Amino acid sequence: MSFPVLAPVLQAVGLVLVIEGLALALAPHRLEDVLRALAALRPDQRRGLGLAAVAGGVLLVWLARAG
């Protein structure tokens, strides 16, 4: 059984796992520092950072699909 609609979603999730895995494998202590810095932010600052990341991701996907 084939689900061609899921292929791009699975590719995107796979790419996220590769990037996250590389961060954990290559710089585990630096990742701990980043998590501490995020924990020190106020919730509204973390929300803004998350929204900026979503907007950047949407822009990258839009640019990639337009090209």
# chains A, B, ... in the order shown; residues from 1 in each chain; ligands from 1

$ residues_around --residues "Leu38 in chain A" --least-positions-apart "5" --cutoff "12 Å" --atoms "only C-alpha atoms" --output "PyMOL selection string"
chain A and resi 31-33+43-50

$ closest_residue --among "A:Ala37, A:Val61, A:Ala55, A:Ala66" --to "Ala12 in chain A" --atoms "only C-alpha atoms"
A:Val61

$ atom_distance --atom1 "CA of Leu35 in chain A" --atom2 "CA of Ala23 in chain A"
12.3 Å
